[in-house]
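Pasted below: input_2.cif, mmCIF, C-alpha atoms and all ligand atoms.
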data_start
loop_
_atom_site.label_atom_id
_atom_site.label_comp_id
_atom_site.auth_asym_id
_atom_site.auth_seq_id
_atom_site.Cartn_x
_atom_site.Cartn_y
_atom_site.Cartn_z
CA MET A 1 14.56 -4.53 35.24
CA ILE A 2 16.54 -5.81 32.25
CA LYS A 3 19.74 -7.53 33.37
CA LYS A 4 22.59 -6.16 31.22
CA LEU A 5 25.03 -8.54 29.59
CA ASN A 6 28.72 -7.90 30.17
CA SER A 7 30.79 -9.94 27.72
CA ASN A 8 30.71 -11.61 24.31
CA ALA A 9 30.31 -14.96 26.10
CA GLU A 10 27.25 -13.83 28.11
CA ILE A 11 25.60 -12.37 25.01
CA ILE A 12 26.23 -15.53 22.97
CA GLU A 13 24.83 -17.72 25.75
CA VAL A 14 21.54 -15.80 25.82
CA ALA A 15 21.48 -15.58 22.01
CA GLU A 16 21.82 -19.34 21.67
CA LYS A 17 18.84 -19.75 23.94
CA TYR A 18 16.50 -17.14 22.46
CA LEU A 19 17.67 -15.87 19.09
CA TYR A 20 16.35 -17.71 16.05
CA GLY A 21 19.16 -19.63 14.39
CA ASN A 22 18.71 -18.51 10.77
CA HIS A 23 22.15 -16.86 10.62
CA VAL A 24 25.63 -18.27 11.11
CA ARG A 25 27.41 -15.61 13.15
CA ILE A 26 31.01 -14.80 14.07
CA PRO A 27 31.18 -15.23 17.88
CA ILE A 28 31.43 -11.59 18.95
CA SER A 29 28.85 -8.95 19.78
CA ILE A 30 29.52 -5.54 18.22
CA GLU A 31 29.38 -2.87 20.89
CA LYS A 32 30.37 0.32 19.08
CA GLY A 33 31.88 1.63 15.87
CA GLU A 34 34.09 4.52 14.88
CA GLY A 35 35.12 5.33 11.30
CA ILE A 36 36.12 2.05 9.74
CA TYR A 37 36.67 0.25 13.06
CA VAL A 38 34.26 -1.67 15.29
CA TYR A 39 34.70 -2.85 18.88
CA ASP A 40 33.25 -5.98 20.46
CA LYS A 41 31.77 -6.36 23.95
CA ASP A 42 35.15 -7.49 25.33
CA GLY A 43 36.82 -4.32 24.03
CA ASN A 44 38.61 -5.87 21.01
CA LYS A 45 39.03 -3.56 18.02
CA TYR A 46 38.50 -4.75 14.41
CA LEU A 47 39.30 -3.25 11.02
CA ASP A 48 35.94 -3.45 9.24
CA PHE A 49 36.11 -4.32 5.55
CA VAL A 50 32.58 -5.77 5.64
CA GLY A 51 30.95 -2.43 6.42
CA GLY A 52 27.62 -4.05 7.33
CA ILE A 53 27.64 -5.69 3.84
CA ALA A 54 27.91 -2.39 1.99
CA VAL A 55 25.58 -0.54 4.38
CA ASN A 56 28.07 1.60 6.31
CA GLY A 57 29.17 3.70 3.35
CA LEU A 58 30.10 6.56 5.67
CA GLY A 59 31.66 4.21 8.21
CA HIS A 60 30.44 4.09 11.78
CA ASN A 61 29.23 7.06 13.84
CA HIS A 62 29.69 9.57 11.02
CA PRO A 63 29.01 13.04 12.53
CA ALA A 64 26.44 13.93 9.84
CA VAL A 65 24.47 10.77 10.60
CA VAL A 66 24.71 11.24 14.36
CA ALA A 67 23.50 14.86 14.07
CA ALA A 68 20.52 13.83 11.91
CA LEU A 69 19.54 11.10 14.35
CA LYS A 70 19.78 13.41 17.36
CA GLU A 71 17.69 16.07 15.68
CA ARG A 72 15.03 13.54 14.73
CA ALA A 73 14.91 12.01 18.20
CA GLU A 74 14.02 15.44 19.56
CA THR A 75 11.38 16.27 16.92
CA VAL A 76 9.34 13.50 15.32
CA LEU A 77 10.27 9.92 14.35
CA HIS A 78 7.18 8.82 12.50
CA CYS A 79 4.04 10.40 11.18
CA CYS A 80 2.72 7.92 8.53
CA ASN A 81 2.00 8.59 4.89
CA TYR A 82 -1.24 10.51 5.46
CA PHE A 83 1.07 13.51 5.71
CA TYR A 84 4.19 15.01 4.10
CA ASN A 85 7.47 15.25 5.97
CA GLU A 86 10.39 17.50 5.02
CA PRO A 87 13.34 15.04 5.01
CA ALA A 88 11.43 12.62 2.76
CA VAL A 89 10.80 15.40 0.27
CA LEU A 90 14.36 16.77 0.40
CA LEU A 91 15.81 13.28 0.00
CA ALA A 92 13.69 12.65 -3.10
CA GLN A 93 14.84 16.01 -4.45
CA ILE A 94 18.58 15.40 -3.97
CA LEU A 95 18.31 11.89 -5.48
CA CYS A 96 16.47 13.19 -8.55
CA GLU A 97 18.58 16.32 -9.00
CA ASN A 98 21.71 14.16 -9.12
CA SER A 99 20.43 11.53 -11.54
CA CYS A 100 18.24 10.94 -14.58
CA PHE A 101 15.22 10.17 -12.38
CA ASP A 102 12.20 12.31 -11.64
CA LYS A 103 10.38 10.53 -8.77
CA VAL A 104 11.27 8.52 -5.66
CA LEU A 105 9.09 6.00 -3.83
CA TYR A 106 10.16 4.68 -0.41
CA ALA A 107 10.39 1.16 1.02
CA ASN A 108 11.97 -0.41 4.11
CA SER A 109 14.61 -2.72 2.69
CA GLY A 110 16.24 -3.88 -0.51
CA ALA A 111 13.81 -6.73 -1.01
CA GLU A 112 10.83 -4.43 -0.55
CA ALA A 113 12.28 -1.92 -2.99
CA ASN A 114 12.59 -4.74 -5.52
CA GLU A 115 9.00 -5.81 -4.81
CA ALA A 116 8.01 -2.27 -5.77
CA LEU A 117 9.99 -2.58 -9.03
CA ILE A 118 8.22 -5.84 -9.87
CA LYS A 119 4.78 -4.34 -9.19
CA LEU A 120 5.76 -1.25 -11.17
CA ALA A 121 6.71 -3.38 -14.19
CA ARG A 122 3.48 -5.37 -14.17
CA LYS A 123 1.21 -2.36 -13.80
CA TYR A 124 3.20 -0.36 -16.36
CA ALA A 125 2.58 -3.12 -18.91
CA LYS A 126 -1.15 -3.16 -18.17
CA ASP A 127 -1.37 0.63 -18.28
CA HIS A 128 0.27 0.53 -21.71
CA GLY A 129 -2.18 -1.98 -23.17
CA HIS A 130 -0.21 -5.17 -22.57
CA PRO A 131 -1.99 -7.24 -19.91
CA GLU A 132 -0.19 -10.33 -21.30
CA ARG A 133 3.16 -8.96 -20.10
CA TYR A 134 3.77 -9.95 -16.51
CA THR A 135 7.09 -11.83 -16.53
CA ILE A 136 10.27 -10.38 -15.07
CA LEU A 137 13.37 -11.55 -16.91
CA SER A 138 16.25 -11.52 -14.44
CA MET A 139 19.71 -13.05 -14.53
CA LYS A 140 21.10 -16.39 -13.47
CA ASN A 141 23.32 -16.10 -10.37
CA SER A 142 21.51 -12.89 -9.34
CA PHE A 143 20.30 -11.92 -5.88
CA HIS A 144 17.25 -9.72 -5.36
CA GLY A 145 16.08 -10.58 -1.84
CA ARG A 146 14.27 -13.20 0.20
CA THR A 147 10.60 -12.24 0.07
CA LEU A 148 8.44 -14.61 -1.97
CA GLY A 149 8.49 -12.23 -4.95
CA THR A 150 12.17 -11.36 -4.86
CA LEU A 151 13.37 -14.91 -4.27
CA ALA A 152 11.43 -15.81 -7.39
CA ALA A 153 13.37 -13.07 -9.23
CA THR A 154 16.64 -14.40 -7.80
CA GLY A 155 18.31 -16.69 -10.31
CA GLN A 156 19.78 -19.13 -7.76
CA TYR A 157 18.08 -22.37 -6.76
CA LYS A 158 19.77 -22.39 -3.34
CA ILE A 159 17.76 -19.27 -2.39
CA GLN A 160 14.48 -20.72 -3.69
CA GLN A 161 14.68 -24.28 -2.38
CA TYR A 162 12.25 -25.26 0.41
CA PHE A 163 9.87 -22.44 -0.57
CA GLU A 164 8.17 -23.96 -3.59
CA PRO A 165 5.84 -23.31 -5.28
CA ILE A 166 7.89 -20.39 -6.59
CA ALA A 167 5.74 -17.45 -7.73
CA GLU A 168 4.86 -17.49 -11.40
CA GLY A 169 6.08 -14.88 -13.85
CA PHE A 170 9.86 -15.03 -13.55
CA LYS A 171 12.50 -16.34 -15.91
CA TYR A 172 16.27 -16.11 -16.11
CA ALA A 173 18.99 -15.48 -18.67
CA GLU A 174 22.77 -15.81 -18.51
CA PHE A 175 24.40 -12.69 -17.05
CA ASN A 176 26.54 -10.79 -19.59
CA ASN A 177 25.11 -12.88 -22.44
CA LEU A 178 22.87 -10.86 -24.77
CA ASP A 179 22.20 -13.83 -27.03
CA ASP A 180 20.73 -15.75 -24.12
CA VAL A 181 18.63 -12.74 -23.11
CA LYS A 182 17.23 -12.62 -26.66
CA THR A 183 16.50 -16.37 -26.52
CA GLN A 184 14.59 -15.98 -23.24
CA LEU A 185 12.56 -12.97 -24.36
CA SER A 186 8.95 -13.92 -24.93
CA ASP A 187 5.80 -11.86 -25.43
CA ASP A 188 4.94 -12.10 -21.74
CA VAL A 189 8.10 -10.25 -20.57
CA ALA A 190 7.27 -6.94 -18.86
CA ALA A 191 10.76 -5.93 -17.74
CA ILE A 192 14.40 -6.93 -17.51
CA LEU A 193 15.90 -6.77 -14.02
CA VAL A 194 19.67 -6.78 -13.54
CA GLU A 195 22.34 -5.95 -10.96
CA PRO A 196 25.06 -3.72 -12.50
CA VAL A 197 27.52 -5.75 -10.42
CA GLN A 198 26.31 -9.10 -9.08
CA GLY A 199 27.28 -8.78 -5.42
CA GLU A 200 26.08 -11.90 -3.62
CA GLY A 201 26.74 -13.90 -6.79
CA GLY A 202 30.49 -13.34 -6.42
CA VAL A 203 31.25 -9.69 -7.30
CA LEU A 204 30.71 -9.98 -11.06
CA PRO A 205 30.47 -6.68 -12.95
CA ALA A 206 28.21 -6.41 -15.98
CA THR A 207 29.89 -5.20 -19.14
CA LYS A 208 28.82 -1.83 -20.51
CA GLU A 209 27.97 -3.60 -23.79
CA PHE A 210 25.64 -5.97 -21.97
CA LEU A 211 23.78 -3.18 -20.17
CA GLN A 212 23.59 -1.10 -23.35
CA GLY A 213 22.29 -4.17 -25.21
CA LEU A 214 19.57 -4.60 -22.57
CA ARG A 215 18.68 -0.91 -22.94
CA ASP A 216 18.30 -1.32 -26.70
CA ILE A 217 16.16 -4.46 -26.34
CA CYS A 218 13.87 -2.75 -23.81
CA ASP A 219 13.51 0.31 -26.06
CA GLU A 220 12.66 -1.83 -29.08
CA ARG A 221 9.98 -3.77 -27.18
CA GLY A 222 8.64 -0.94 -25.01
CA ILE A 223 9.43 -2.81 -21.80
CA LEU A 224 11.17 -1.53 -18.68
CA LEU A 225 14.86 -1.84 -17.83
CA LEU A 226 15.24 -2.14 -14.06
CA PHE A 227 18.56 -1.98 -12.20
CA ASP A 228 18.87 -3.49 -8.74
CA GLU A 229 21.33 -1.08 -7.13
CA VAL A 230 20.68 -2.24 -3.57
CA GLN A 231 24.31 -3.27 -3.07
CA THR A 232 26.03 -1.13 -5.70
CA GLY A 233 24.16 2.17 -5.52
CA CYS A 234 24.66 5.11 -3.14
CA GLY A 235 28.34 5.63 -3.93
CA ARG A 236 29.61 2.05 -3.93
CA LEU A 237 30.85 2.27 -7.54
CA GLY A 238 32.25 5.78 -7.05
CA THR A 239 29.14 7.40 -8.51
CA LEU A 240 25.92 8.20 -6.65
CA PHE A 241 23.96 5.67 -8.73
CA ALA A 242 25.60 2.54 -10.14
CA TYR A 243 24.14 3.17 -13.61
CA GLN A 244 26.24 6.36 -13.81
CA SER A 245 29.43 4.24 -13.75
CA PHE A 246 28.28 2.48 -16.94
CA GLY A 247 26.61 5.35 -18.77
CA VAL A 248 23.44 3.32 -19.39
CA GLU A 249 20.18 4.70 -18.00
CA PRO A 250 17.54 2.30 -16.69
CA ASP A 251 13.85 3.25 -16.38
CA ALA A 252 13.94 2.60 -12.64
CA VAL A 253 16.37 1.50 -9.93
CA SER A 254 16.05 0.04 -6.47
CA MET A 255 18.33 1.12 -3.63
CA ALA A 256 18.71 0.38 0.09
CA LYS A 257 21.78 -0.61 2.17
CA ALA A 258 24.11 2.46 2.09
CA LEU A 259 21.15 4.79 1.52
CA GLY A 260 20.40 4.81 5.25
CA SER A 261 23.86 4.26 6.81
CA GLY A 262 22.22 1.59 8.97
CA VAL A 263 18.65 2.75 9.44
CA PRO A 264 16.26 0.48 7.52
CA ILE A 265 15.28 2.29 4.36
CA GLY A 266 14.86 1.26 0.73
CA ALA A 267 13.60 3.20 -2.26
CA ILE A 268 13.02 3.11 -5.96
CA ALA A 269 13.67 5.98 -8.36
CA THR A 270 11.83 6.17 -11.67
CA LYS A 271 11.69 8.26 -14.81
CA GLY A 272 9.35 8.99 -17.69
CA ASP A 273 6.03 7.17 -17.77
CA ALA A 274 7.24 4.80 -15.06
CA SER A 275 7.00 7.74 -12.65
CA HIS A 276 3.19 7.73 -12.88
CA THR A 277 2.42 4.02 -12.58
CA LEU A 278 1.97 3.35 -8.87
CA THR A 279 -1.09 5.48 -8.19
CA PRO A 280 -2.88 5.87 -4.80
CA GLY A 281 -4.13 2.55 -3.51
CA THR A 282 -1.70 0.42 -5.55
CA HIS A 283 1.34 0.44 -3.27
CA GLY A 284 2.49 1.66 0.14
CA SER A 285 3.94 0.72 3.51
CA THR A 286 3.44 2.06 7.04
CA TYR A 287 7.06 2.95 7.84
CA ALA A 288 8.30 3.70 4.34
CA GLY A 289 9.82 7.16 4.07
CA ASN A 290 9.21 8.17 7.67
CA PRO A 291 11.13 11.17 9.09
CA LEU A 292 13.52 8.97 11.11
CA VAL A 293 14.93 7.04 8.17
CA THR A 294 14.72 9.74 5.53
CA SER A 295 16.51 12.34 7.68
CA VAL A 296 19.43 9.94 8.16
CA ALA A 297 19.40 9.03 4.45
CA LEU A 298 19.28 12.72 3.54
CA ALA A 299 22.38 13.40 5.67
CA THR A 300 24.03 10.36 4.06
CA ILE A 301 23.31 11.36 0.46
CA ASP A 302 24.20 15.00 1.13
CA THR A 303 27.59 13.87 2.52
CA LEU A 304 28.15 11.55 -0.44
CA VAL A 305 27.31 14.17 -3.04
CA ASN A 306 28.74 17.28 -1.39
CA GLY A 307 31.38 15.93 1.00
CA GLY A 308 34.01 14.51 -1.39
CA VAL A 309 33.17 10.91 -0.48
CA LEU A 310 32.60 9.80 -4.09
CA ASP A 311 36.06 11.06 -5.10
CA ASN A 312 37.58 9.16 -2.20
CA ALA A 313 35.71 5.98 -3.17
CA ASN A 314 37.12 6.22 -6.70
CA GLU A 315 40.68 6.91 -5.64
CA VAL A 316 40.87 4.42 -2.77
CA GLY A 317 38.88 1.85 -4.77
CA ASN A 318 41.56 1.88 -7.49
CA TYR A 319 44.26 1.62 -4.86
CA LEU A 320 42.49 -1.33 -3.21
CA LYS A 321 42.28 -3.09 -6.56
CA GLU A 322 46.02 -2.58 -7.22
CA LYS A 323 46.93 -3.88 -3.78
CA LEU A 324 44.70 -6.94 -4.13
CA GLU A 325 46.27 -7.62 -7.54
CA GLY A 326 49.68 -7.37 -5.85
CA LEU A 327 48.81 -10.34 -3.58
CA LYS A 328 48.61 -12.65 -6.60
CA LYS A 329 52.36 -13.12 -6.88
CA ASN A 330 52.70 -14.77 -3.44
CA HIS A 331 49.38 -16.57 -3.38
CA PRO A 332 48.77 -18.96 -6.26
CA SER A 333 45.23 -19.70 -5.03
CA ILE A 334 44.13 -16.25 -6.19
CA GLN A 335 42.56 -16.65 -9.62
CA VAL A 336 41.17 -13.21 -10.42
CA VAL A 337 40.55 -9.84 -8.79
CA ARG A 338 37.29 -8.34 -10.05
CA GLY A 339 34.89 -5.57 -9.14
CA LYS A 340 34.42 -1.85 -9.61
CA GLY A 341 34.68 1.29 -7.46
CA MET A 342 34.69 0.17 -3.82
CA ILE A 343 33.40 -3.40 -4.24
CA TRP A 344 36.10 -5.97 -4.97
CA GLY A 345 36.17 -9.72 -5.07
CA LEU A 346 39.24 -11.89 -4.79
CA VAL A 347 38.39 -15.16 -6.49
CA LEU A 348 40.13 -18.20 -4.99
CA ASP A 349 40.44 -21.69 -6.39
CA LYS A 350 39.11 -23.08 -3.10
CA ASP A 351 36.84 -22.35 -0.12
CA GLY A 352 37.31 -18.78 1.15
CA HIS A 353 35.95 -19.35 4.67
CA PRO A 354 39.25 -20.48 6.28
CA VAL A 355 40.76 -17.14 5.17
CA VAL A 356 37.82 -15.20 6.63
CA ASP A 357 38.27 -17.07 9.95
CA ASN A 358 41.99 -16.42 9.93
CA CYS A 359 41.48 -12.70 9.23
CA PHE A 360 39.03 -12.57 12.12
CA LYS A 361 41.74 -13.95 14.45
CA LYS A 362 43.88 -11.02 13.26
CA ASN A 363 41.07 -8.53 14.04
CA LEU A 364 40.23 -7.97 10.38
CA LEU A 365 36.62 -8.41 9.25
CA ILE A 366 36.09 -9.57 5.66
CA ASN A 367 33.48 -11.82 4.13
CA CYS A 368 33.23 -14.66 1.64
CA THR A 369 30.46 -14.90 -0.93
CA ALA A 370 29.60 -17.57 -3.49
CA GLY A 371 31.90 -20.00 -1.63
CA THR A 372 35.23 -18.96 -3.11
CA VAL A 373 35.10 -15.18 -3.45
CA LEU A 374 36.52 -12.96 -0.70
CA ARG A 375 34.46 -9.78 -0.84
CA PHE A 376 35.70 -6.32 0.17
CA VAL A 377 33.03 -3.65 0.67
CA PRO A 378 34.65 -1.25 3.14
CA PRO A 379 33.21 2.15 4.03
CA LEU A 380 33.64 4.67 1.21
CA ILE A 381 35.66 6.89 3.57
CA THR A 382 38.44 4.29 3.91
CA THR A 383 41.95 5.72 3.48
CA LYS A 384 44.93 4.26 1.58
CA GLU A 385 46.70 3.69 4.93
CA GLU A 386 43.76 1.58 6.10
CA VAL A 387 43.92 -0.39 2.84
CA ASP A 388 47.64 -1.01 3.50
CA LYS A 389 46.81 -2.31 7.01
CA MET A 390 44.15 -4.62 5.62
CA ILE A 391 46.42 -5.95 2.86
CA ALA A 392 49.21 -6.76 5.35
CA LEU A 393 46.80 -8.77 7.53
CA LEU A 394 45.20 -10.51 4.55
CA ASP A 395 48.63 -11.42 3.18
CA GLU A 396 49.49 -13.12 6.49
CA ALA A 397 46.10 -14.88 6.65
CA LEU A 398 46.47 -16.24 3.10
CA SER A 399 50.02 -17.45 3.84
CA GLU A 400 48.93 -19.25 7.01
CA CYS A 401 46.23 -21.04 5.00
CA ASN A 402 48.84 -22.00 2.37
CA TYR A 403 46.68 -20.29 -0.26
N1 LIG A 501 19.32 -6.85 -3.97
C1 LIG A 501 20.66 -6.97 -3.86
C2 LIG A 501 21.51 -6.74 -5.06
C3 LIG A 501 21.24 -7.29 -2.64
O1 LIG A 501 22.57 -7.41 -2.53
C4 LIG A 501 20.39 -7.50 -1.53
C5 LIG A 501 20.95 -7.87 -0.22
O2 LIG A 501 22.08 -8.30 -0.10
C6 LIG A 501 19.01 -7.37 -1.69
C7 LIG A 501 18.51 -7.03 -2.92
C8 LIG A 501 18.08 -7.57 -0.54
O3 LIG A 501 18.16 -6.49 0.33
P1 LIG A 501 17.59 -6.62 1.82
O4 LIG A 501 18.46 -7.61 2.52
O5 LIG A 501 17.71 -5.23 2.37
O6 LIG A 501 16.18 -7.06 1.71
#
For the structure just supplied, provide its representation as structure tokens.
Amino acid sequence: MIKKLNSNAEIIEVAEKYLYGNHVRIPISIEKGEGIYVYDKDGNKYLDFVGGIAVNGLGHNHPAVVAALKERAETVLHCCNYFYNEPAVLLAQILCENSCFDKVLYANSGAEANEALIKLARKYAKDHGHPERYTILSMKNSFHGRTLGTLAATGQYKIQQYFEPIAEGFKYAEFNNLDDVKTQLSDDVAAILVEPVQGEGGVLPATKEFLQGLRDICDERGILLLFDEVQTGCGRLGTLFAYQSFGVEPDAVSMAKALGSGVPIGAIATKGDASHTLTPGTHGSTYAGNPLVTSVALATIDTLVNGGVLDNANEVGNYLKEKLEGLKKNHPSIQVVRGKGMIWGLVLDKDGHPVVDNCFKKNLLINCTAGTVLRFVPPLITTKEEVDKMIALLDEALSECNY
């Protein structure tokens, strides 16, 4: 019989003994969630502006997600890719019918979706008579995942260190700097990979001119433009796909995080010739696209597209930006507010972690990325009243830190 654990303290004690220590965690165990609130094992309630790092787009326990999960539990969870399954097909359909893409391929996470993009780019080049093209040109300060392939694509040494030798075939250019991209382009480049907004790198949006410039370069050279929309896709920017917020179409995107509302799913969507590159035997994964995860993702995307959630993300995202801007006058440590849609960063002139800790004491969950950037990625269903509550608590936390 498993002995149940009854408090945060009991859970942390067992965790310290048995759970691998590769994450620094806030000392609570999340017991349940509801809308944009979560509760810990001791019954404390928190306003959640982390949203599972942009995963809980529909908040917690959304009825559409709960219904999909219940239905799946009573039918079939997994059947493997020897067979078709309806939710996987319907999900591909809704994603394509609401975008420029014509095919969807499933994965289990953001990193694995990006692995598929990298393989796609290399095989596409070979299929088109360019075996010499195998390099992925990505951006400095980017984040694409922690597998050996995606950490090589990630333009940050701190992610790569300890894991040398780093896989061959990756190089980096300055984000938002077309001249540097042109300098880095060599005959071996098969694709350019970019995040429309660098999330982990400190909430840095690309300019439309930069993305359009990349599009033009890729068209001239016949190479692929790949967007990593793992953090910024699925409604985060107020559009279903992040590229739609910029009006620049890539050849393929990766997605994950909010796609599954918490079940582990990733995917890529492709168009044109890129939709015929990964032929049988070249790519696949046991779980990818199984009925469990695709039925939840289908309910998620259906709610985003047809449930008014994108409109809310736009409206409340603008409101959140205004309110964050308003904090500047009392807090000289705030340098800049930047972001897009429902992902905002408040850039400080010093370490952001004391503010995160202080917010936690006030039952507000936020997060700090790139050392000095407070990141806000709340559920897309957040209301203006909830933004007001968050701002009041953040204001107090910043004051107490003398920021
Ligand atoms: N790409 C981007 C832009 C991300 O933000 C992340 C995760 O934060 C990843 C890829 C990796 O996704 P996962 O953690 O699901 O492997």
query: Could you pull the residues within 9 Å of Asn358 (chain A), counting all atoms listed in the file, minus those fewer than 6 positions along the same chain, as a VMD selection string?
result: chain A and resid 364 394 396 to 398 400 to 401
How would you write as a PDB file with C-alpha atoms, in the frame of the given file the residues that get within 7 Å of (26.0, 3.4, 4.6) in the file's frame, counting all atoms listed in the file?
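And here is the file that came out, out26.pdb:
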ATOM      1  CA  ALA A  54      27.910  -2.390   1.990  1.00  0.00           C
ATOM      2  CA  VAL A  55      25.580  -0.540   4.380  1.00  0.00           C
ATOM      3  CA  ASN A  56      28.070   1.600   6.310  1.00  0.00           C
ATOM      4  CA  GLY A  57      29.170   3.700   3.350  1.00  0.00           C
ATOM      5  CA  LEU A  58      30.100   6.560   5.670  1.00  0.00           C
ATOM      6  CA  GLY A  59      31.660   4.210   8.210  1.00  0.00           C
ATOM      7  CA  LYS A 257      21.780  -0.610   2.170  1.00  0.00           C
ATOM      8  CA  ALA A 258      24.110   2.460   2.090  1.00  0.00           C
ATOM      9  CA  LEU A 259      21.150   4.790   1.520  1.00  0.00           C
ATOM     10  CA  GLY A 260      20.400   4.810   5.250  1.00  0.00           C
ATOM     11  CA  SER A 261      23.860   4.260   6.810  1.00  0.00           C
ATOM     12  CA  GLY A 262      22.220   1.590   8.970  1.00  0.00           C
TER      13      GLY A 262
END
- request: Please extract the residues at most 7 Å from ligand LIG 501 (chain A), counting only C-alpha atoms and all ligand atoms, and provide them as a list of chain:residue names, using the chain letters and residue numbers of this document.
  value: A:Ser109, A:Gly110, A:Ala111, A:Glu112, A:Asn114, A:Phe143, A:His144, A:Gly145, A:Arg146, A:Glu195, A:Gln198, A:Gly199, A:Glu200, A:Asp228, A:Glu229, A:Val230, A:Gln231, A:Ala256, A:Lys257
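For the atom pair formed by CA of Ile28 (chain A) and CA of Val66 (chain A), the distance is 24.2 Å, given to one decimal.
The nearest approach to Ile391 (chain A) among the residues A:Leu327, A:Ile366, A:Ala297, A:Val189, with only C-alpha atoms taken into account, belongs to A:Leu327.
Selection around (26.4, -8.4, -13.0) with radius 6 Å, counting all atoms listed in the file, yields the residues Glu195, Pro196, Val197, Gln198, Leu204, Pro205 and Ala206 of chain A.
Separating CA of Tyr124 (chain A) from CA of Lys103 (chain A) is a distance of 15.1 Å.
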task: Figure out the distance between CA of Leu380 (chain A) and CA of Gly308 (chain A), please, to one decimal in Å.
output: 10.2 Å
query: Near Thr270 (chain A), within 7 Å and counting all atoms listed in the file, which residues show up once chain neighbours fewer than 4 positions away are dropped, as number ranges by chain?
result: A: 101-104, 251-253, 274-275
message: When you look at Glu10 (chain A) with a cut-off of 10 Å (counting all atoms listed in the file), what residues show up, excluding the ones that are within fewer than 5 positions of it in the same chain? I need them as a VMD selection string.
response: chain A and resid 4 to 5 15 29 41
- request: Give me the residues within 7 Å of Tyr37 (chain A) as a PyMOL selection string, counting all atoms listed in the file and dropping any in the same chain fewer than 6 places off.
  value: chain A and resi 45-48
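Every protein, DNA or RNA residue with an atom at most 10 Å from Ala288 (chain A), where only C-alpha atoms count and chain neighbours fewer than 4 positions away do not, is listed here: A:His78, A:Cys80, A:Asn81, A:Ala88, A:Leu105, A:Tyr106, A:Ala107, A:Asn108, A:Ser109, A:Glu112, A:Pro264, A:Ile265, A:Gly266, A:Ala267, A:Gly284, A:Val293, A:Thr294.
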Region 226-267 of chain A residues near region 309-315 of chain A within 10 Å, closest pair each, using all atoms listed in the file, as a Markdown table:
| residue | atom | partner | partner_atom | distance |
| --- | --- | --- | --- | --- |
| A:Cys234 | CA | A:Leu310 | CA | 9.3 |
| A:Gly235 | CA | A:Leu310 | CA | 6.0 |
| A:Arg236 | CA | A:Ala313 | CA | 7.3 |
| A:Leu237 | CA | A:Asn314 | CA | 7.5 |
| A:Gly238 | CA | A:Asn314 | CA | 4.9 |
| A:Thr239 | CA | A:Leu310 | CA | 6.1 |
| A:Leu240 | CA | A:Leu310 | CA | 7.3 |
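Each of A:Glu249, A:Ser285, A:Thr372, A:Thr303 was checked against Cys100 (chain A) using only C-alpha atoms; the smallest atom-to-atom distance is that of A:Glu249.
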